[in-house]
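Peer 1: Next up, work09.txt (compact mmCIF, C-alpha atoms).
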```txt
# COMPACT_ATOMS: atom_id res chain seq x y z
CA MET A 144 29.28 -26.32 -6.96
CA ALA A 145 25.69 -27.46 -7.45
CA GLU A 146 24.44 -27.90 -10.99
CA LYS A 147 21.89 -25.29 -12.10
CA GLN A 148 18.40 -26.62 -12.56
CA TYR A 149 17.60 -24.04 -15.24
CA SER A 150 19.09 -22.82 -18.49
CA MET A 151 20.43 -19.32 -19.06
CA LYS A 152 17.77 -18.80 -21.71
CA GLU A 153 15.04 -19.83 -19.25
CA ALA A 154 16.47 -17.47 -16.60
CA LEU A 155 16.69 -14.55 -19.02
CA LEU A 156 13.19 -15.11 -20.40
CA PHE A 157 11.68 -15.30 -16.91
CA SER A 158 13.56 -12.22 -15.65
CA GLN A 159 12.65 -10.15 -18.70
CA ARG A 160 9.03 -11.32 -18.69
CA ILE A 161 8.69 -10.22 -15.06
CA ALA A 162 10.52 -6.94 -15.75
CA GLN A 163 8.39 -6.00 -18.75
CA LEU A 164 5.09 -7.06 -17.18
CA SER A 165 5.97 -5.25 -13.93
CA LYS A 166 6.84 -2.07 -15.77
CA ALA A 167 3.62 -2.14 -17.79
CA LEU A 168 1.52 -2.95 -14.73
CA TRP A 169 3.28 -0.30 -12.61
CA LYS A 170 2.59 2.38 -15.23
CA SER A 171 -1.15 1.69 -14.95
CA VAL A 172 -1.05 1.35 -11.17
CA GLU A 173 0.86 4.61 -10.84
CA LYS A 174 -1.58 6.50 -13.08
CA ASP A 175 -4.61 5.06 -11.25
CA TRP A 176 -3.07 5.79 -7.83
CA GLN A 177 -2.13 9.38 -8.74
CA GLN A 178 -5.62 10.10 -10.08
CA TRP A 179 -7.22 8.70 -6.91
CA ILE A 180 -5.15 10.79 -4.49
CA LYS A 181 -4.82 13.95 -6.60
CA PRO A 182 -7.83 15.77 -5.03
CA TYR A 183 -6.13 15.43 -1.62
CA ASP A 184 -2.86 17.01 -2.79
CA LEU A 185 -0.88 13.87 -1.95
CA ASN A 186 1.74 12.00 -3.90
CA ILE A 187 2.09 8.21 -3.92
CA ASN A 188 4.79 8.12 -1.22
CA GLU A 189 2.75 10.36 1.07
CA HIS A 190 -0.39 8.28 0.62
CA HIS A 191 1.56 5.08 1.18
CA ILE A 192 3.01 6.52 4.40
CA LEU A 193 -0.46 7.46 5.65
CA TRP A 194 -1.67 3.94 4.77
CA ILE A 195 1.23 2.33 6.65
CA ALA A 196 0.83 4.62 9.66
CA TYR A 197 -2.86 3.74 9.82
CA HIS A 198 -2.41 -0.01 9.60
CA LEU A 199 0.65 -0.26 11.85
CA ASN A 200 -0.74 2.26 14.33
CA GLY A 201 2.56 3.77 15.39
CA ALA A 202 5.18 2.75 12.83
CA SER A 203 8.85 3.58 13.04
CA ILE A 204 10.41 5.38 10.09
CA SER A 205 12.37 2.17 9.50
CA ASP A 206 9.08 0.22 9.33
CA VAL A 207 7.68 2.77 6.88
CA ALA A 208 10.78 2.48 4.70
CA LYS A 209 10.70 -1.31 4.78
CA PHE A 210 7.01 -1.76 4.12
CA GLY A 211 6.82 1.21 1.76
CA VAL A 212 9.77 -0.15 -0.22
CA MET A 213 11.56 3.19 0.00
CA HIS A 214 14.83 4.51 1.35
CA VAL A 215 14.79 5.60 5.01
CA SER A 216 15.57 9.20 4.02
CA THR A 217 12.61 9.17 1.58
CA ALA A 218 10.31 7.83 4.30
CA PHE A 219 11.54 10.47 6.74
CA ASN A 220 11.36 13.41 4.31
CA PHE A 221 7.85 12.62 3.09
CA SER A 222 6.71 11.94 6.66
CA LYS A 223 8.10 15.35 7.63
CA LYS A 224 6.01 16.98 4.87
CA LEU A 225 2.93 15.17 6.17
CA GLU A 226 3.73 16.37 9.69
CA GLU A 227 3.96 19.96 8.42
CA ARG A 228 0.48 19.54 6.93
CA GLY A 229 -0.86 18.26 10.25
CA LEU A 230 -1.50 14.72 8.99
CA LEU A 231 1.19 12.94 11.04
CA GLN A 232 2.93 13.46 14.32
CA PHE A 233 6.42 12.31 15.24
CA SER A 234 7.39 10.78 18.56
CA LYS A 235 10.07 8.81 20.38
CA LYS A 236 9.40 5.92 22.73
CA GLU A 237 10.74 5.91 26.27
CA ASN A 238 12.41 2.54 25.74
CA ASP A 239 13.59 3.34 22.18
CA LYS A 240 15.11 6.80 21.75
CA ARG A 241 17.01 5.82 18.58
CA ASN A 242 13.96 5.34 16.37
CA THR A 243 11.47 7.97 15.28
CA TYR A 244 7.83 6.89 15.19
CA ILE A 245 4.91 8.33 13.30
CA GLN A 246 1.25 8.35 14.17
CA LEU A 247 -1.70 9.65 12.18
CA THR A 248 -3.35 12.74 13.57
CA GLU A 249 -7.14 12.92 13.60
CA HIS A 250 -6.93 15.04 10.44
CA GLY A 251 -4.60 12.48 8.82
CA GLU A 252 -6.96 9.63 9.64
CA SER A 253 -9.89 11.63 8.34
CA ILE A 254 -8.10 12.26 5.02
CA LEU A 255 -7.18 8.57 4.70
CA LEU A 256 -10.75 7.46 5.43
CA GLU A 257 -12.13 10.00 2.93
CA LEU A 258 -9.72 8.58 0.35
CA MET A 259 -10.94 5.07 1.01
CA GLU A 260 -14.54 6.22 0.67
CA SER A 261 -13.77 8.02 -2.59
CA TYR A 262 -12.25 4.93 -4.24
CA ASP A 263 -13.97 4.34 -7.56
CA PRO A 264 -13.24 0.94 -9.11
CA ASP A 265 -14.61 2.11 -12.46
CA SER A 266 -11.74 4.58 -12.82
CA ASN A 267 -9.08 1.98 -11.99
CA SER A 268 -7.57 0.36 -15.07
CA VAL A 269 -5.96 -2.54 -13.17
CA PHE A 270 -9.28 -3.37 -11.54
CA SER A 271 -11.00 -3.14 -14.93
CA GLY A 272 -8.32 -5.36 -16.44
CA ALA A 273 -8.98 -8.02 -13.79
CA MET A 274 -12.79 -7.95 -14.16
CA PRO A 275 -12.92 -10.46 -17.04
CA LEU A 276 -11.06 -12.94 -14.81
CA ARG A 277 -13.50 -12.31 -11.97
CA GLU A 278 -16.42 -12.83 -14.32
CA LEU A 279 -14.88 -16.05 -15.64
CA TYR A 280 -13.77 -17.58 -12.30
CA GLY A 281 -16.12 -15.83 -9.87
CA LYS A 282 -13.29 -14.15 -7.98
CA PHE A 283 -10.33 -11.85 -8.47
CA PRO A 284 -6.91 -13.43 -9.10
CA ASP A 285 -5.16 -14.43 -5.87
CA ILE A 286 -1.75 -13.62 -7.34
CA ILE A 287 -0.22 -16.28 -5.11
CA GLU A 288 2.86 -16.76 -7.26
CA MET A 289 3.59 -13.01 -7.22
CA MET A 290 3.17 -12.96 -3.45
CA ALA A 291 5.58 -15.91 -3.12
CA ILE A 292 8.19 -14.07 -5.18
CA VAL A 293 7.79 -10.92 -3.07
CA ARG A 294 7.99 -13.00 0.13
CA ASN A 295 11.25 -14.53 -1.07
CA ILE A 296 12.68 -11.08 -1.83
CA TYR A 297 11.41 -9.03 1.15
CA GLY A 298 10.77 -11.70 3.77
CA ASP A 299 8.01 -12.90 6.03
CA ASP A 300 7.84 -9.64 8.03
CA PHE A 301 6.98 -7.71 4.89
CA MET A 302 4.23 -10.15 3.95
CA GLU A 303 2.81 -10.18 7.50
CA ILE A 304 2.45 -6.39 7.41
CA PHE A 305 1.07 -6.59 3.87
CA GLU A 306 -1.59 -9.09 4.96
CA LYS A 307 -2.35 -7.17 8.17
CA SER A 308 -3.37 -4.08 6.22
CA PHE A 309 -5.86 -6.06 4.15
CA HIS A 310 -7.12 -7.96 7.20
CA ASN A 311 -7.73 -4.58 8.88
CA ILE A 312 -9.86 -3.47 5.95
CA GLU A 313 -11.81 -6.75 6.02
CA CYS A 314 -12.53 -6.36 9.74
CA GLU A 315 -12.81 -2.60 10.24
CA PHE A 316 -14.75 -1.44 7.19
CA VAL A 317 -18.24 -1.98 5.86
CA GLU A 318 -19.78 -1.13 2.53
CA GLU A 319 -22.72 1.26 2.70
CA GLU A 320 -24.39 2.62 -0.43
CA GLY A 321 -21.45 1.58 -2.59
CA LYS A 322 -18.83 3.27 -0.36
CA LEU A 323 -16.39 1.90 2.18
CA ARG A 324 -16.87 3.27 5.68
CA LYS A 325 -15.07 2.49 8.88
CA ASN A 326 -17.25 0.52 11.32
CA GLY A 327 -18.87 2.92 13.75
CA LYS A 328 -18.30 6.01 11.58
CA SER A 329 -21.28 8.23 10.89
CA GLU A 330 -22.30 9.33 7.41
CA GLU A 331 -20.32 12.56 7.70
CA LEU A 332 -16.60 12.53 8.41
CA VAL A 333 -15.10 15.26 10.52
```
Mind turning this structure into structure tokens?
Peer 2:
Amino acid sequence: MAEKQYSMKEALLFSQRIAQLSKALWKSVEKDWQQWIKPYDLNINEHHILWIAYHLNGASISDVAKFGVMHVSTAFNFSKKLEERGLLQFSKKENDKRNTYIQLTEHGESILLELMESYDPDSNSVFSGAMPLRELYGKFPDIIEMMAIVRNIYGDDFMEIFEKSFHNIECEFVEEEGKLRKNGKSEELV
């Protein structure tokens, strides 16, 4: 058996530090997220599913569960609610009848784009909490260590999808008059 390169005290302190910081951060993230999506009558799981469906452009329920860090039944049930509201549509692929896939409807995409346009950094406590670091260093924290931990837990596939969603925003959206708009979209959304 290999000798441990850490003490039990060090392991406990690290684990508890991460647990307590994560819980405190999640509480703020959750509150910010709920306030942002509240006018659209969405909950966090529903918004996350719309986000994933948009960025993966035809995700399987398994993909939604994996990337959304939720149980498959949770992903399916919330996707079903979104389908009932006309925001998602379900399908099967000819070469893959076992998996169920979701796709945003035009209305679903419109809602997601409106949400992105309505984002207000001033009402986001996590953003506000990071501003002093941006002012000091000239950029927001990269959070590389956190990303490395998540990669080691969830794998490279998870991080590739994670990065793809942010790459899509970088490439597909522009800022006009302090609002994010999809490239090629007119001032008014349908």
Peer 1: Tell me, in Å to one decimal, how far atom CA of A:Tyr197 is from atom CA of A:Asp299.
Peer 2: 20.2 Å
Peer 1: Tell me which protein, DNA and RNA residues are within 8 Å of stretch 160-177 of chain A, counting all atoms listed in the file, leaving out same-chain ones fewer than 5 positions away, and put them as JSON, numbers by chain.
Peer 2: {"A": [186, 187, 266, 267, 268, 269]}
Peer 1: Could you pull the residues within 8 Å of A:Glu189, counting all atoms listed in the file, minus those fewer than 2 positions along the same chain, as a list in words?
Peer 2: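 The residues satisfying every condition are Leu185, Asn186, Ile187, His191, Ile192, Leu193, Phe221, Ser222 and Leu225 of chain A.
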Peer 1: Grab the atom CA of A:Phe210 to atom CA of A:Met290 distance for me, in Å with one decimal place.
Peer 2: 14.1 Å
Peer 1: Have a look at A:Asn238, A:Ser271, A:Ser261, A:Asn326 and name the one nearest to A:Ile180; count only C-alpha atoms.
Peer 2: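 Among the listed residues, A:Ser261 lies closest to A:Ile180.
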Peer 1: Take atom CA of A:Leu230 and atom CA of A:Ser253 and report the distance between them in Å, one decimal.
Peer 2: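 Computed distance, atom CA of A:Leu230 to atom CA of A:Ser253, equals 9.0 Å.
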Peer 1: Pick out the residues sitting within 8 Å of A:Lys325, and hand them over as an NGL selection string; count all atoms listed in the file, and ignore anything fewer than 5 positions along from it in its own chain.
Peer 2: :A and (256 or 315-317)
Peer 1: Which one is closest to A:Lys209: A:Leu255, A:Phe305, A:Glu319, A:Lys147? Count all atoms listed in the file.
Peer 2: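 The shortest atom-to-atom distance to A:Lys209 comes from A:Phe305.
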Peer 1: Show which residues sit within 6 Å of stretch 244-250 of chain A, as a list in words. Count only C-alpha atoms, and ignore same-chain residues fewer than 5 positions away.
Peer 2: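 Counting only C-alpha atoms, the residues come to Ala196, Gly201, Ala202, Ser203, Ile204, Leu230, Leu231, Gln232, Phe233, Ser234 and Lys235 of chain A.
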